[in-house]
Structures are given as C-alpha cells and as structure tokens.
$ cat final_39.csv   # CSV, C-alpha atoms
chain,number,residue,atom,x,y,z
A,1,MET,CA,84.8,157.5,-71.3
A,2,GLU,CA,86.9,154.5,-72.3
A,3,ASP,CA,90.3,154.3,-70.7
A,4,GLN,CA,92.8,155.0,-73.4
A,5,ARG,CA,95.9,154.3,-71.3
A,6,ARG,CA,98.3,151.8,-73.0
A,7,ILE,CA,99.6,149.1,-70.7
A,8,ARG,CA,103.4,148.7,-71.0
A,9,LEU,CA,104.5,145.1,-71.0
A,10,ALA,CA,108.1,144.2,-70.1
A,11,GLN,CA,110.4,143.9,-73.1
A,12,ARG,CA,111.2,140.2,-72.2
A,13,VAL,CA,107.5,139.4,-72.7
A,14,ARG,CA,107.1,141.5,-75.8
A,15,ASN,CA,110.0,139.5,-77.3
A,16,ILE,CA,108.5,136.1,-76.7
A,17,ALA,CA,106.9,134.4,-79.7
A,18,PRO,CA,103.8,132.3,-78.9
A,19,SER,CA,104.2,128.6,-79.1
A,20,ALA,CA,103.2,127.6,-82.7
A,21,THR,CA,102.4,124.0,-81.6
A,22,LEU,CA,100.0,125.2,-78.9
A,23,SER,CA,98.5,127.8,-81.1
A,24,ILE,CA,97.7,125.3,-83.9
A,25,SER,CA,96.3,122.8,-81.5
A,26,ALA,CA,94.1,125.5,-79.9
A,27,LYS,CA,92.8,126.7,-83.3
A,28,ALA,CA,92.0,123.1,-84.3
A,29,GLN,CA,90.2,122.5,-81.0
A,30,ALA,CA,88.2,125.7,-81.5
A,31,MET,CA,87.1,124.6,-84.9
A,32,LYS,CA,86.0,121.2,-83.5
A,33,ARG,CA,83.9,123.0,-80.9
A,34,GLN,CA,82.1,124.8,-83.8
A,35,GLY,CA,81.2,121.4,-85.2
A,36,ILE,CA,83.9,121.4,-87.9
A,37,ASP,CA,85.4,118.0,-88.6
A,38,VAL,CA,89.1,118.6,-88.1
A,39,ILE,CA,91.8,115.9,-87.9
A,40,SER,CA,94.7,117.1,-85.8
A,41,PHE,CA,98.3,116.0,-86.4
A,42,SER,CA,99.6,118.8,-84.2
A,43,ALA,CA,99.4,117.2,-80.8
A,44,GLY,CA,102.6,116.8,-78.7
A,45,GLU,CA,101.1,114.4,-76.3
A,46,PRO,CA,100.0,110.7,-76.3
A,47,ASP,CA,96.3,110.2,-76.9
A,48,PHE,CA,96.2,107.3,-74.4
A,49,ASP,CA,94.8,107.6,-70.9
A,50,THR,CA,97.0,107.7,-67.9
A,51,PRO,CA,97.3,104.0,-66.6
A,52,GLY,CA,94.7,103.2,-64.0
A,53,PHE,CA,97.1,102.2,-61.2
A,54,ILE,CA,98.7,105.7,-61.5
A,55,LYS,CA,95.4,107.4,-61.1
A,56,GLU,CA,94.5,105.2,-58.1
A,57,GLU,CA,97.7,106.4,-56.3
A,58,ALA,CA,96.6,110.0,-56.9
A,59,LYS,CA,93.2,109.2,-55.4
A,60,LYS,CA,94.8,107.6,-52.4
A,61,ALA,CA,97.0,110.7,-52.0
A,62,ILE,CA,94.0,113.0,-51.9
A,63,ASP,CA,92.0,110.7,-49.6
A,64,SER,CA,95.0,110.5,-47.2
A,65,GLY,CA,95.4,114.3,-47.1
A,66,PHE,CA,98.6,114.5,-49.0
A,67,THR,CA,97.6,117.9,-50.3
A,68,LYS,CA,100.1,120.2,-48.6
A,69,TYR,CA,103.4,121.8,-49.5
A,70,THR,CA,106.3,119.4,-50.0
A,71,ALA,CA,110.0,120.3,-50.2
A,72,THR,CA,110.6,122.6,-53.2
A,73,PRO,CA,112.8,120.0,-55.1
A,74,GLY,CA,110.2,117.3,-54.6
A,75,THR,CA,109.6,114.6,-52.0
A,76,PRO,CA,112.5,112.5,-50.8
A,77,GLU,CA,110.7,109.3,-52.0
A,78,LEU,CA,110.2,110.6,-55.5
A,79,ARG,CA,113.8,111.9,-55.8
A,80,GLU,CA,115.1,108.5,-54.7
A,81,ALA,CA,112.8,106.8,-57.2
A,82,ILE,CA,114.2,109.0,-59.9
A,83,CYS,CA,117.8,108.1,-58.8
A,84,GLU,CA,116.9,104.4,-59.0
A,85,LYS,CA,115.3,104.9,-62.5
A,86,LEU,CA,118.5,106.6,-63.7
A,87,ARG,CA,120.6,103.8,-62.3
A,88,ARG,CA,118.5,101.0,-63.7
A,89,GLU,CA,117.7,102.4,-67.2
A,90,ASN,CA,120.5,104.9,-67.9
A,91,GLY,CA,123.5,103.6,-66.0
A,92,LEU,CA,123.8,106.9,-64.2
A,93,SER,CA,124.5,107.3,-60.4
A,94,TYR,CA,123.0,110.3,-58.7
A,95,SER,CA,122.1,111.1,-55.1
A,96,PRO,CA,118.7,112.7,-54.3
A,97,GLN,CA,120.5,116.0,-53.7
A,98,GLU,CA,121.5,115.9,-57.3
A,99,VAL,CA,117.8,115.7,-58.5
A,100,ILE,CA,115.0,118.3,-58.6
A,101,VAL,CA,111.4,117.7,-59.5
A,102,SER,CA,109.6,120.5,-61.3
A,103,CYS,CA,106.2,121.4,-62.8
A,104,GLY,CA,106.8,119.5,-66.1
A,105,ALA,CA,110.0,118.9,-68.1
A,106,LYS,CA,109.5,122.3,-69.7
A,107,HIS,CA,109.9,123.9,-66.2
A,108,SER,CA,113.0,121.8,-65.5
A,109,LEU,CA,114.5,123.0,-68.8
A,110,TYR,CA,113.7,126.6,-67.9
A,111,ASN,CA,115.3,126.3,-64.5
A,112,ALA,CA,118.4,124.8,-66.1
A,113,VAL,CA,118.8,127.5,-68.8
A,114,MET,CA,118.2,130.3,-66.3
A,115,THR,CA,120.7,128.8,-63.8
A,116,LEU,CA,123.5,128.1,-66.4
A,117,CYS,CA,123.1,131.0,-68.9
A,118,GLU,CA,124.2,134.5,-68.2
A,119,ALA,CA,123.2,137.5,-70.4
A,120,GLY,CA,125.3,137.4,-73.5
A,121,ASP,CA,126.3,133.8,-73.3
A,122,GLU,CA,126.1,131.9,-76.5
A,123,VAL,CA,124.0,128.7,-76.6
A,124,LEU,CA,124.3,126.2,-79.4
A,125,LEU,CA,121.0,125.1,-80.7
A,126,PRO,CA,120.8,122.4,-83.3
A,127,VAL,CA,118.2,123.1,-86.1
A,128,PRO,CA,115.4,122.0,-86.3
A,129,TYR,CA,114.8,122.7,-82.6
A,130,TRP,CA,111.8,122.4,-80.3
A,131,VAL,CA,110.1,125.8,-80.2
A,132,THR,CA,110.5,126.4,-76.5
A,133,TYR,CA,114.3,126.1,-76.4
A,134,LEU,CA,114.7,129.3,-78.4
A,135,GLU,CA,112.4,131.4,-76.2
A,136,GLN,CA,114.0,130.1,-73.0
A,137,ILE,CA,117.4,131.1,-74.2
A,138,ARG,CA,116.2,134.5,-75.1
A,139,LEU,CA,114.4,134.9,-71.7
A,140,ALA,CA,117.7,134.1,-70.0
A,141,GLY,CA,119.4,136.9,-72.0
A,142,GLY,CA,121.5,134.3,-74.0
A,143,LYS,CA,122.3,134.4,-77.6
A,144,PRO,CA,121.1,131.4,-79.6
A,145,VAL,CA,123.6,130.1,-82.1
A,146,PHE,CA,121.9,127.9,-84.7
A,147,VAL,CA,123.7,124.7,-85.7
A,148,GLU,CA,122.5,123.5,-89.2
A,149,CYS,CA,121.7,119.9,-89.7
A,150,GLU,CA,122.8,117.3,-92.2
A,151,LYS,CA,120.4,116.4,-94.9
A,152,PRO,CA,118.5,114.2,-95.4
A,153,SER,CA,119.1,112.8,-91.9
A,154,LEU,CA,118.4,116.1,-90.1
A,155,ALA,CA,120.9,115.1,-87.4
A,156,PRO,CA,123.2,117.9,-86.2
A,157,ASP,CA,126.2,118.6,-88.5
A,158,LEU,CA,129.1,118.1,-86.1
A,159,ASN,CA,131.5,120.0,-88.3
A,160,VAL,CA,129.2,123.0,-88.2
A,161,LEU,CA,128.7,122.5,-84.4
A,162,GLU,CA,132.4,122.6,-83.7
A,163,ARG,CA,133.0,125.6,-86.0
A,164,ALA,CA,130.2,127.6,-84.2
A,165,ILE,CA,132.0,127.5,-80.8
A,166,THR,CA,133.5,130.8,-79.6
A,167,PRO,CA,135.0,132.0,-76.3
A,168,ARG,CA,131.4,133.1,-75.4
A,169,THR,CA,129.9,129.6,-76.0
A,170,ARG,CA,128.5,128.3,-72.7
A,171,LEU,CA,125.8,125.7,-73.4
A,172,LEU,CA,124.6,123.1,-75.9
A,173,ILE,CA,120.9,122.0,-75.8
A,174,LEU,CA,120.5,118.5,-77.0
A,175,ASN,CA,117.2,116.7,-77.6
A,176,ASN,CA,117.4,112.9,-78.1
A,177,PRO,CA,115.1,111.4,-79.4
A,178,ALA,CA,114.3,114.7,-81.2
A,179,ASN,CA,111.2,116.7,-81.6
A,180,PRO,CA,110.3,117.6,-84.4
A,181,THR,CA,112.2,115.0,-86.4
A,182,GLY,CA,112.0,111.8,-84.5
A,183,VAL,CA,115.8,111.4,-85.0
A,184,VAL,CA,117.6,109.2,-82.5
A,185,LEU,CA,121.3,110.0,-82.3
A,186,SER,CA,123.7,107.0,-82.6
A,187,GLU,CA,126.1,106.2,-79.9
A,188,GLU,CA,129.0,107.2,-82.2
A,189,THR,CA,127.4,110.6,-82.8
A,190,LEU,CA,126.9,111.1,-79.1
A,191,ALA,CA,130.5,110.2,-78.4
A,192,GLN,CA,131.7,112.9,-80.9
A,193,ILE,CA,129.4,115.5,-79.3
A,194,ALA,CA,130.7,114.5,-75.9
A,195,ARG,CA,134.3,114.9,-77.1
A,196,ILE,CA,133.5,118.4,-78.4
A,197,ALA,CA,131.8,119.4,-75.2
A,198,VAL,CA,134.8,118.2,-73.1
A,199,GLU,CA,137.4,119.8,-75.3
A,200,HIS,CA,135.7,123.1,-75.4
A,201,ASP,CA,134.4,123.1,-71.8
A,202,LEU,CA,130.7,123.3,-72.7
A,203,PHE,CA,127.8,122.4,-70.5
A,204,VAL,CA,125.1,120.3,-72.1
A,205,ILE,CA,121.3,120.3,-71.3
A,206,SER,CA,120.2,116.9,-72.5
A,207,ASP,CA,116.4,116.6,-73.0
A,208,GLU,CA,115.6,112.9,-72.9
A,209,ILE,CA,111.8,113.1,-72.5
A,210,TYR,CA,111.1,110.7,-75.4
A,211,GLU,CA,113.7,108.1,-74.5
A,212,HIS,CA,111.1,105.2,-74.2
A,213,LEU,CA,109.4,106.0,-77.4
A,214,VAL,CA,111.8,104.4,-79.9
A,215,TYR,CA,111.3,102.0,-82.7
A,216,GLU,CA,113.6,99.4,-84.2
A,217,VAL,CA,116.6,101.0,-82.5
A,218,PRO,CA,118.3,100.3,-79.1
A,219,PHE,CA,117.2,102.3,-76.0
A,220,PRO,CA,119.0,105.7,-76.4
A,221,ARG,CA,122.2,106.2,-74.4
A,222,SER,CA,122.4,109.4,-72.3
A,223,ILE,CA,125.2,111.7,-73.2
A,224,ALA,CA,125.9,112.0,-69.5
A,225,THR,CA,127.3,108.5,-69.5
A,226,PHE,CA,130.3,109.4,-71.7
A,227,PRO,CA,133.7,110.1,-70.1
A,228,GLY,CA,133.9,113.6,-68.7
A,229,MET,CA,130.2,114.3,-69.3
A,230,LYS,CA,128.3,113.6,-66.1
A,231,GLU,CA,129.9,116.7,-64.4
A,232,ARG,CA,128.9,118.9,-67.3
A,233,THR,CA,125.4,117.7,-68.1
A,234,VAL,CA,121.9,118.3,-66.8
A,235,VAL,CA,119.7,115.4,-67.8
A,236,ILE,CA,116.0,116.4,-68.3
A,237,ASN,CA,113.2,113.9,-68.2
A,238,GLY,CA,109.7,113.4,-66.9
A,239,VAL,CA,106.6,111.2,-66.9
A,240,SER,CA,104.5,113.1,-69.5
A,241,LYS,CA,105.3,111.1,-72.6
A,242,THR,CA,106.3,107.7,-71.2
A,243,PHE,CA,103.2,107.4,-69.0
A,244,SER,CA,100.8,109.6,-70.9
A,245,MET,CA,100.7,112.1,-68.0
A,246,THR,CA,101.1,115.4,-69.8
A,247,GLY,CA,98.5,117.2,-67.6
A,248,TRP,CA,100.0,116.0,-64.3
A,249,ARG,CA,103.0,118.4,-64.9
A,250,ILE,CA,105.9,116.4,-63.4
A,251,GLY,CA,109.4,116.7,-64.9
A,252,TYR,CA,112.8,116.3,-63.3
A,253,ALA,CA,116.4,117.2,-63.8
A,254,ALA,CA,119.6,115.4,-62.6
A,255,GLY,CA,123.0,117.0,-62.6
A,256,PRO,CA,125.9,118.4,-60.6
A,257,ARG,CA,124.8,119.2,-57.0
A,258,GLU,CA,125.8,122.9,-57.3
A,259,VAL,CA,123.6,123.3,-60.4
A,260,ILE,CA,120.6,121.5,-59.0
A,261,GLU,CA,120.8,123.6,-55.8
A,262,GLY,CA,120.8,126.7,-57.9
A,263,MET,CA,117.8,125.5,-59.8
A,264,ALA,CA,116.0,124.8,-56.5
A,265,ARG,CA,116.7,128.3,-55.3
A,266,LEU,CA,115.1,129.6,-58.5
A,267,GLN,CA,112.1,127.3,-58.1
A,268,ASP,CA,111.7,128.4,-54.5
A,269,HIS,CA,110.6,131.8,-55.8
A,270,MET,CA,108.7,130.6,-58.9
A,271,THR,CA,106.4,127.7,-58.0
A,272,SER,CA,107.7,126.2,-54.8
A,273,ASN,CA,107.0,122.5,-55.0
A,274,PRO,CA,105.4,120.7,-57.9
A,275,THR,CA,101.9,119.4,-57.1
A,276,SER,CA,101.9,117.0,-54.2
A,277,VAL,CA,99.3,114.7,-55.6
A,278,SER,CA,101.0,114.5,-59.0
A,279,GLN,CA,104.3,113.6,-57.2
A,280,ARG,CA,102.6,110.6,-55.7
A,281,ALA,CA,101.3,109.6,-59.1
A,282,ALA,CA,104.7,110.0,-60.6
A,283,LEU,CA,106.2,107.8,-57.9
A,284,ALA,CA,103.9,105.0,-58.8
A,285,ALA,CA,104.8,105.4,-62.5
A,286,LEU,CA,108.5,105.3,-61.9
A,287,ARG,CA,108.2,102.2,-59.7
A,288,ALA,CA,106.2,100.4,-62.4
A,289,PRO,CA,107.7,97.7,-64.6
A,290,SER,CA,108.8,98.8,-68.1
A,291,SER,CA,106.1,96.5,-69.6
A,292,VAL,CA,103.6,99.2,-68.6
A,293,VAL,CA,104.5,101.3,-71.6
A,294,ARG,CA,105.1,98.4,-74.1
A,295,ASP,CA,101.5,98.4,-75.5
A,296,MET,CA,101.6,102.2,-76.1
A,297,VAL,CA,105.0,102.0,-77.9
A,298,GLU,CA,103.7,99.1,-80.1
A,299,ALA,CA,100.6,101.2,-81.0
A,300,PHE,CA,102.8,104.2,-81.9
A,301,ASN,CA,105.0,102.0,-84.0
A,302,SER,CA,102.0,100.7,-85.9
A,303,ARG,CA,100.7,104.3,-86.5
A,304,ARG,CA,104.2,105.4,-87.5
A,305,LYS,CA,104.3,102.8,-90.2
A,306,LEU,CA,100.8,103.6,-91.4
A,307,MET,CA,101.6,107.4,-91.7
A,308,LEU,CA,104.9,106.7,-93.4
A,309,SER,CA,103.2,104.4,-96.0
A,310,HIS,CA,100.8,107.2,-96.9
A,311,LEU,CA,103.5,109.9,-97.0
A,312,SER,CA,105.7,107.7,-99.3
A,313,GLU,CA,102.9,107.9,-101.9
A,314,ILE,CA,103.2,111.7,-102.2
A,315,PRO,CA,105.5,113.0,-104.9
A,316,GLU,CA,108.2,115.6,-104.4
A,317,ILE,CA,108.4,115.4,-100.6
A,318,SER,CA,111.2,113.9,-98.4
A,319,PHE,CA,111.6,113.0,-94.8
A,320,PRO,CA,114.0,111.0,-92.5
A,321,ILE,CA,112.4,107.8,-91.2
A,322,PRO,CA,111.6,108.7,-87.5
A,323,GLN,CA,113.1,106.3,-85.0
A,324,GLY,CA,111.7,107.9,-81.9
A,325,ALA,CA,109.1,110.3,-80.4
A,326,PHE,CA,105.8,110.4,-82.4
A,327,TYR,CA,106.5,112.9,-85.2
A,328,VAL,CA,107.4,112.9,-88.9
A,329,PHE,CA,109.1,116.0,-90.2
A,330,VAL,CA,108.5,116.4,-93.9
A,331,ASP,CA,110.1,118.6,-96.5
A,332,PHE,CA,107.2,120.3,-98.5
A,333,SER,CA,109.4,122.9,-100.1
A,334,LYS,CA,108.1,122.0,-103.6
A,335,TYR,CA,104.5,122.6,-102.6
A,336,CYS,CA,105.4,125.9,-100.7
A,337,SER,CA,106.8,127.2,-103.9
A,338,GLY,CA,103.5,126.4,-105.7
A,339,ARG,CA,100.2,128.2,-106.0
A,340,PHE,CA,96.7,127.5,-104.6
A,341,ALA,CA,93.6,129.1,-106.2
A,342,GLY,CA,96.0,131.3,-108.3
A,343,GLU,CA,97.8,132.7,-105.3
A,344,PRO,CA,101.4,131.9,-104.3
A,345,ILE,CA,101.8,129.8,-101.1
A,346,GLY,CA,105.3,130.9,-100.2
A,347,THR,CA,105.8,129.6,-96.7
A,348,SER,CA,105.2,126.5,-94.5
A,349,GLU,CA,103.0,128.6,-92.3
A,350,HIS,CA,100.7,129.5,-95.1
A,351,LEU,CA,100.6,125.9,-96.3
A,352,ALA,CA,99.7,124.8,-92.8
A,353,GLU,CA,96.9,127.4,-92.7
A,354,LEU,CA,95.6,126.2,-96.1
A,355,LEU,CA,95.6,122.6,-94.9
A,356,LEU,CA,93.6,123.6,-91.8
A,357,GLU,CA,91.1,125.8,-93.7
A,358,GLU,CA,90.7,123.7,-96.9
A,359,ALA,CA,91.6,120.1,-95.9
A,360,ARG,CA,90.5,120.3,-92.3
A,361,ILE,CA,93.8,118.8,-91.0
A,362,ALA,CA,96.1,120.5,-88.5
A,363,CYS,CA,99.9,120.2,-88.6
A,364,VAL,CA,102.7,122.5,-87.4
A,365,PRO,CA,104.8,124.6,-89.9
A,366,GLY,CA,108.5,124.0,-90.0
A,367,SER,CA,109.3,127.7,-89.5
A,368,ALA,CA,108.3,127.2,-85.9
A,369,PHE,CA,111.2,124.8,-85.5
A,370,GLY,CA,113.7,126.9,-87.5
A,371,MET,CA,113.3,125.1,-90.8
A,372,GLU,CA,111.2,126.8,-93.5
A,373,GLY,CA,109.5,124.5,-96.1
A,374,TYR,CA,108.8,121.7,-93.6
A,375,LEU,CA,105.7,120.5,-91.8
A,376,ARG,CA,105.5,118.4,-88.7
A,377,PHE,CA,102.9,115.6,-88.4
A,378,SER,CA,102.2,113.9,-85.1
A,379,TYR,CA,101.0,110.3,-85.2
A,380,ALA,CA,99.8,110.5,-81.6
A,381,THR,CA,96.3,109.8,-82.8
A,382,SER,CA,94.2,106.8,-84.0
A,383,GLU,CA,94.9,104.8,-87.1
A,384,LYS,CA,91.4,105.7,-88.3
A,385,ALA,CA,92.3,109.4,-88.0
A,386,ILE,CA,95.7,108.9,-89.8
A,387,GLU,CA,94.0,107.1,-92.7
A,388,ALA,CA,91.4,109.8,-93.1
A,389,GLY,CA,93.8,112.7,-92.6
A,390,MET,CA,96.4,111.4,-95.0
A,391,GLU,CA,93.8,111.0,-97.7
A,392,ARG,CA,92.7,114.6,-97.1
A,393,LEU,CA,96.3,115.7,-97.4
A,394,LYS,CA,96.9,113.8,-100.7
A,395,SER,CA,93.7,115.2,-102.1
A,396,PHE,CA,94.5,118.8,-101.2
A,397,LEU,CA,98.1,118.6,-102.6
A,398,GLN,CA,96.7,117.6,-106.0
A,399,ARG,CA,95.0,121.1,-106.1
A,400,ILE,CA,98.3,122.9,-105.8
A,401,GLU,CA,99.6,124.2,-109.1
$ encode --input "final_39.csv" --output "structure tokens"
Amino acid sequence: MEDQRRIRLAQRVRNIAPSATLSISAKAQAMKRQGIDVISFSAGEPDFDTPGFIKEEAKKAIDSGFTKYTATPGTPELREAICEKLRRENGLSYSPQEVIVSCGAKHSLYNAVMTLCEAGDEVLLPVPYWVTYLEQIRLAGGKPVFVECEKPSLAPDLNVLERAITPRTRLLILNNPANPTGVVLSEETLAQIARIAVEHDLFVISDEIYEHLVYEVPFPRSIATFPGMKERTVVINGVSKTFSMTGWRIGYAAGPREVIEGMARLQDHMTSNPTSVSQRAALAALRAPSSVVRDMVEAFNSRRKLMLSHLSEIPEISFPIPQGAFYVFVDFSKYCSGRFAGEPIGTSEHLAELLLEEARIACVPGSAFGMEGYLRFSYATSEKAIEAGMERLKSFLQRIE
C-alpha cells in the first residue's frame, strides 16, 4: 500500500519562493531539449567561455594534487590577491583577515545577511531588487522594507529611503551596477546614501559583482570608499561575471574583521572551504591584467546597443538606458493590460509565459524583482539571437489587443 504519510518541511523552506530567473531558464532549456527553437533572454551569466589561461591553472592544480581542504575563508594567496585587487581597482585597503572566499557571491551575500541580521531587524531593499536578496532576508528572520525607485531612472528614491528608516532598521542592501535594471549609481548618489547610512548608523551590504561590466560611464566607485563607510560596509564581489566563471562558484566578501570572522564561523558549518581547484583558477583570474575582460565588455556593449535599437521601435514601452551589467528592464504595463486571443493578460508573469509559449522567447517577469508590469531581457547572448528574438517579440506584441 502506498505510504500516505505527509512529509513536514520546515517553515523557513516552505516560505521560500523559487528563483524566477532560474525557473525560466530551466523551462527554456527543457523546451530546447525537446527540439523547440527557443531564444533565451533570461540568462544571468556571460555566454563566453572561461579564458584559457584560467582553465590551465585549474588543470595544473588538479595535476599537482591541490584537491584537499583549504582554510574555510580561502587560501592565504587568494585572500591576498583579493586585497591587492581591492587596493588597485577600488582604492580600498584590507588585510587578508578582513576577507572571506565563499562558494559564489550568492553564498557571500547569504553569509553577510545571516551574520548581520537578527530576527525582526528591518532591512532596506531598493525596488526593483535581485530576487535572492528578498529570500535571504526572510531566511535570516529579517523584515524587508521596500524602497521605491524614481521613474523613469529606476534608481533608488533617496527621500523614500530616508523616510523608511526606523529604530529597527539594521541593514541596507545595495547593488551597483544593478540587476535587473543595469543602473549605475552616480558618485553623487552614492555620497548621499553614505551620508544617510552614517547618520542613521546603518550597515550596508554592497553587491559589486557587475562592476567591470559598464558602458560609457566611469568605473563605479565602491560606497565603502566614502567617509565613515568602510567600517560599516561589507563589499561583495566575485569572478563569475567578470571572468565568465559562473560555474566555478567563487565569490568573496571584504569588511570589518569582526564581521568577516563571524561569516567564517558560519561557513565552517555550512560548506567549509570553497572548492580548492576553483580557488587556484580564481587566483589566476585576479592576477590577470584588466585587458583580459576588455573584449567581452566591448561585445556586451555592441549587443546592448543592438537590443536597445530594437526595443526603441516598440510603441508604448519605456526603459532606462542600462549603463552596466547585461540587462534591460522594460515597462510593458500597456501590454499587460491588453488581451491576447480574447483573454486578458493581466500580469508580467502571464506575459512572459505567453512570450515563451507563443513567440518562443524567454525573459523574466518584473514581478520577480518587485515591479509588476516589467520584463527583464538579458543581452548575454549572440547578436544573431538578439536580432531574431527581438523580431519575434515585435511580431507577437502586434497580436495583443
């Protein structure tokens, strides 16, 4: 007889929403395996291969037997290389004891949130936000406080930010350049955010994973460089986006030693060290000249311009010109309020489903990022795919009443 017992999952797991970005990508990949011609604009990773010299270092590590445990926070050599990178590129001075290496930047973020956020603490979260920030706050028992953005720029509204602060406010999560919008915050805006953080005694988790992927704007300044901020900021970064190493799972955090040591104690009992071989590969990446990523950034910029030229031909949509990352976040509210095949569309999720089923293009609904009516398109794909996918998009939208 079939076992009818119901497995009881912990409440914290029942409360977690699945990642919409990963779900859409998985569905698109499943359709491709069935032989369906799907063009995906949902990817959150570069489509380029990891540079050859990085892969060679990983092979050398395997051949030399570098396949055992390392220290939980990462090897001394890699942590020192991260310190040098932060000095050279960001003007930030850290010791290796103020750096921890984790299994991807997402892991670094989780460690930081769990270390700094107590149950009931309020965490300021600018909207739109990357999907994982919200779930990590909830897992820590924190209360997300959504900070609405300015329109049409989609940058955080600083007046709203300051008004949202209460005696329970503990953290602000900042993503610059931003996913899903591609917004790069100006130095003036960062200075104002820094002032607010210092005046209200807030800690900031600054996710800077897209810092090298910027177009026609200066290299982004880290908020940790502003007066009074280094001691109240955890800087999050990694090698995934810059060096096309998403699958290698190496991220890192730099911050006050007490915080980093707390994150290391947490990591001791979660994963121990990040993969030894990947650490060697990341070491090679961080020691490479900045010219290594130049070709990839130029290709992304060309794709960005191509996608923007197509989107500009579509009536009744709007979007901020992305200056960083590899996304365009587009307001499709007019189309969400329309009808397809006589039925109301209603939501960005439904519109994304229709685009996948009818037009065979995959994108991510804005509701996943806290903004209904929007769709996120990634241009981390070939120009040929962008051309074909944008034409499919325009053809499908003409069918909406």
$ residues_around --input "final_39.csv" --residues "region 50-53 of chain A" --least-positions-apart "3" --cutoff "8 Å" --atoms "only C-alpha atoms" --output "list in words"
Glu56, Glu57, Phe243, Ser244, Met245 and Ala284 of chain A
$ residues_around --input "final_39.csv" --residues "Ile205 (chain A)" --least-positions-apart "2" --cutoff "9 Å" --atoms "all atoms listed in the file" --output "ChimeraX atom specification"
/A:109,112-113,171-175,203,207,232-236
$ atom_distance --input "final_39.csv" --atom1 "CA of Leu375 (chain A)" --atom2 "CA of Ala28 (chain A)"
15.8 Å
$ closest_residue --input "final_39.csv" --among "A:Ala368, A:Ala140, A:Ile250, A:Leu116" --to "Val13 (chain A)" --atoms "all atoms listed in the file"
A:Ala140
$ closest_atom_pairs --input "final_39.csv" --of "region 83-144 of chain A" --to "region 271-277 of chain A" --cutoff "10 Å" --atoms "only C-alpha atoms" --output "JSON lines"
{"residue": "A:Ile100", "atom": "CA", "partner": "A:Asn273", "partner_atom": "CA", "distance": 9.7}
{"residue": "A:Val101", "atom": "CA", "partner": "A:Pro274", "partner_atom": "CA", "distance": 6.9}
{"residue": "A:Ser102", "atom": "CA", "partner": "A:Pro274", "partner_atom": "CA", "distance": 5.4}
{"residue": "A:Cys103", "atom": "CA", "partner": "A:Pro274", "partner_atom": "CA", "distance": 5.0}
{"residue": "A:Gly104", "atom": "CA", "partner": "A:Pro274", "partner_atom": "CA", "distance": 8.4}
{"residue": "A:His107", "atom": "CA", "partner": "A:Thr271", "partner_atom": "CA", "distance": 9.7}
$ closest_residue --input "final_39.csv" --among "A:Thr21, A:Ser382, A:Ser222, A:Asn301" --to "Glu187 (chain A)" --atoms "all atoms listed in the file"
A:Ser222
$ atom_distance --input "final_39.csv" --atom1 "CA of Glu261 (chain A)" --atom2 "CA of Arg287 (chain A)"
25.1 Å
$ build_atoms --input "final_39.csv" --residues "region 125-139 of chain A" --atoms "N, CA, C and O atoms" --output "tab-separated table (two decimals), keeping the file's coordinate frame"
chain	number	residue	atom	x	y	z
A	125	LEU	N	122.29	125.67	-80.52
A	125	LEU	CA	121.00	125.10	-80.70
A	125	LEU	C	120.85	124.44	-82.05
A	125	LEU	O	120.73	125.11	-83.08
A	126	PRO	N	120.92	123.10	-82.06
A	126	PRO	CA	120.80	122.40	-83.30
A	126	PRO	C	119.41	122.65	-83.97
A	126	PRO	O	118.39	122.70	-83.29
A	127	VAL	N	119.43	122.84	-85.30
A	127	VAL	CA	118.20	123.10	-86.10
A	127	VAL	C	117.89	121.80	-86.85
A	127	VAL	O	118.77	121.18	-87.44
A	128	PRO	N	116.60	121.39	-86.87
A	128	PRO	CA	115.40	122.00	-86.30
A	128	PRO	C	115.41	121.79	-84.74
A	128	PRO	O	115.91	120.80	-84.25
A	129	TYR	N	114.80	122.73	-84.04
A	129	TYR	CA	114.80	122.70	-82.60
A	129	TYR	C	113.30	122.74	-82.11
A	129	TYR	O	112.41	123.24	-82.81
A	130	TRP	N	113.08	122.23	-80.91
A	130	TRP	CA	111.80	122.40	-80.30
A	130	TRP	C	111.54	123.87	-79.98
A	130	TRP	O	112.45	124.56	-79.53
A	131	VAL	N	110.34	124.35	-80.23
A	131	VAL	CA	110.10	125.80	-80.20
A	131	VAL	C	110.44	126.47	-78.90
A	131	VAL	O	110.90	127.62	-78.90
A	132	THR	N	110.29	125.79	-77.79
A	132	THR	CA	110.50	126.40	-76.50
A	132	THR	C	111.95	126.69	-76.16
A	132	THR	O	112.27	127.64	-75.43
A	133	TYR	N	112.87	125.87	-76.70
A	133	TYR	CA	114.30	126.10	-76.40
A	133	TYR	C	114.70	127.52	-76.76
A	133	TYR	O	115.38	128.20	-75.99
A	134	LEU	N	114.31	127.96	-77.93
A	134	LEU	CA	114.70	129.30	-78.40
A	134	LEU	C	114.23	130.38	-77.48
A	134	LEU	O	115.00	131.29	-77.12
A	135	GLU	N	112.98	130.32	-77.09
A	135	GLU	CA	112.40	131.40	-76.20
A	135	GLU	C	113.03	131.36	-74.84
A	135	GLU	O	113.22	132.41	-74.22
A	136	GLN	N	113.35	130.17	-74.33
A	136	GLN	CA	114.00	130.10	-73.00
A	136	GLN	C	115.37	130.70	-73.03
A	136	GLN	O	115.78	131.38	-72.08
A	137	ILE	N	116.13	130.45	-74.10
A	137	ILE	CA	117.40	131.10	-74.20
A	137	ILE	C	117.32	132.59	-74.22
A	137	ILE	O	118.07	133.29	-73.52
A	138	ARG	N	116.37	133.09	-74.99
A	138	ARG	CA	116.20	134.50	-75.10
A	138	ARG	C	115.75	135.12	-73.73
A	138	ARG	O	116.19	136.21	-73.33
A	139	LEU	N	114.87	134.42	-73.01
A	139	LEU	CA	114.40	134.90	-71.70
A	139	LEU	C	115.60	135.01	-70.72
A	139	LEU	O	115.61	135.87	-69.84
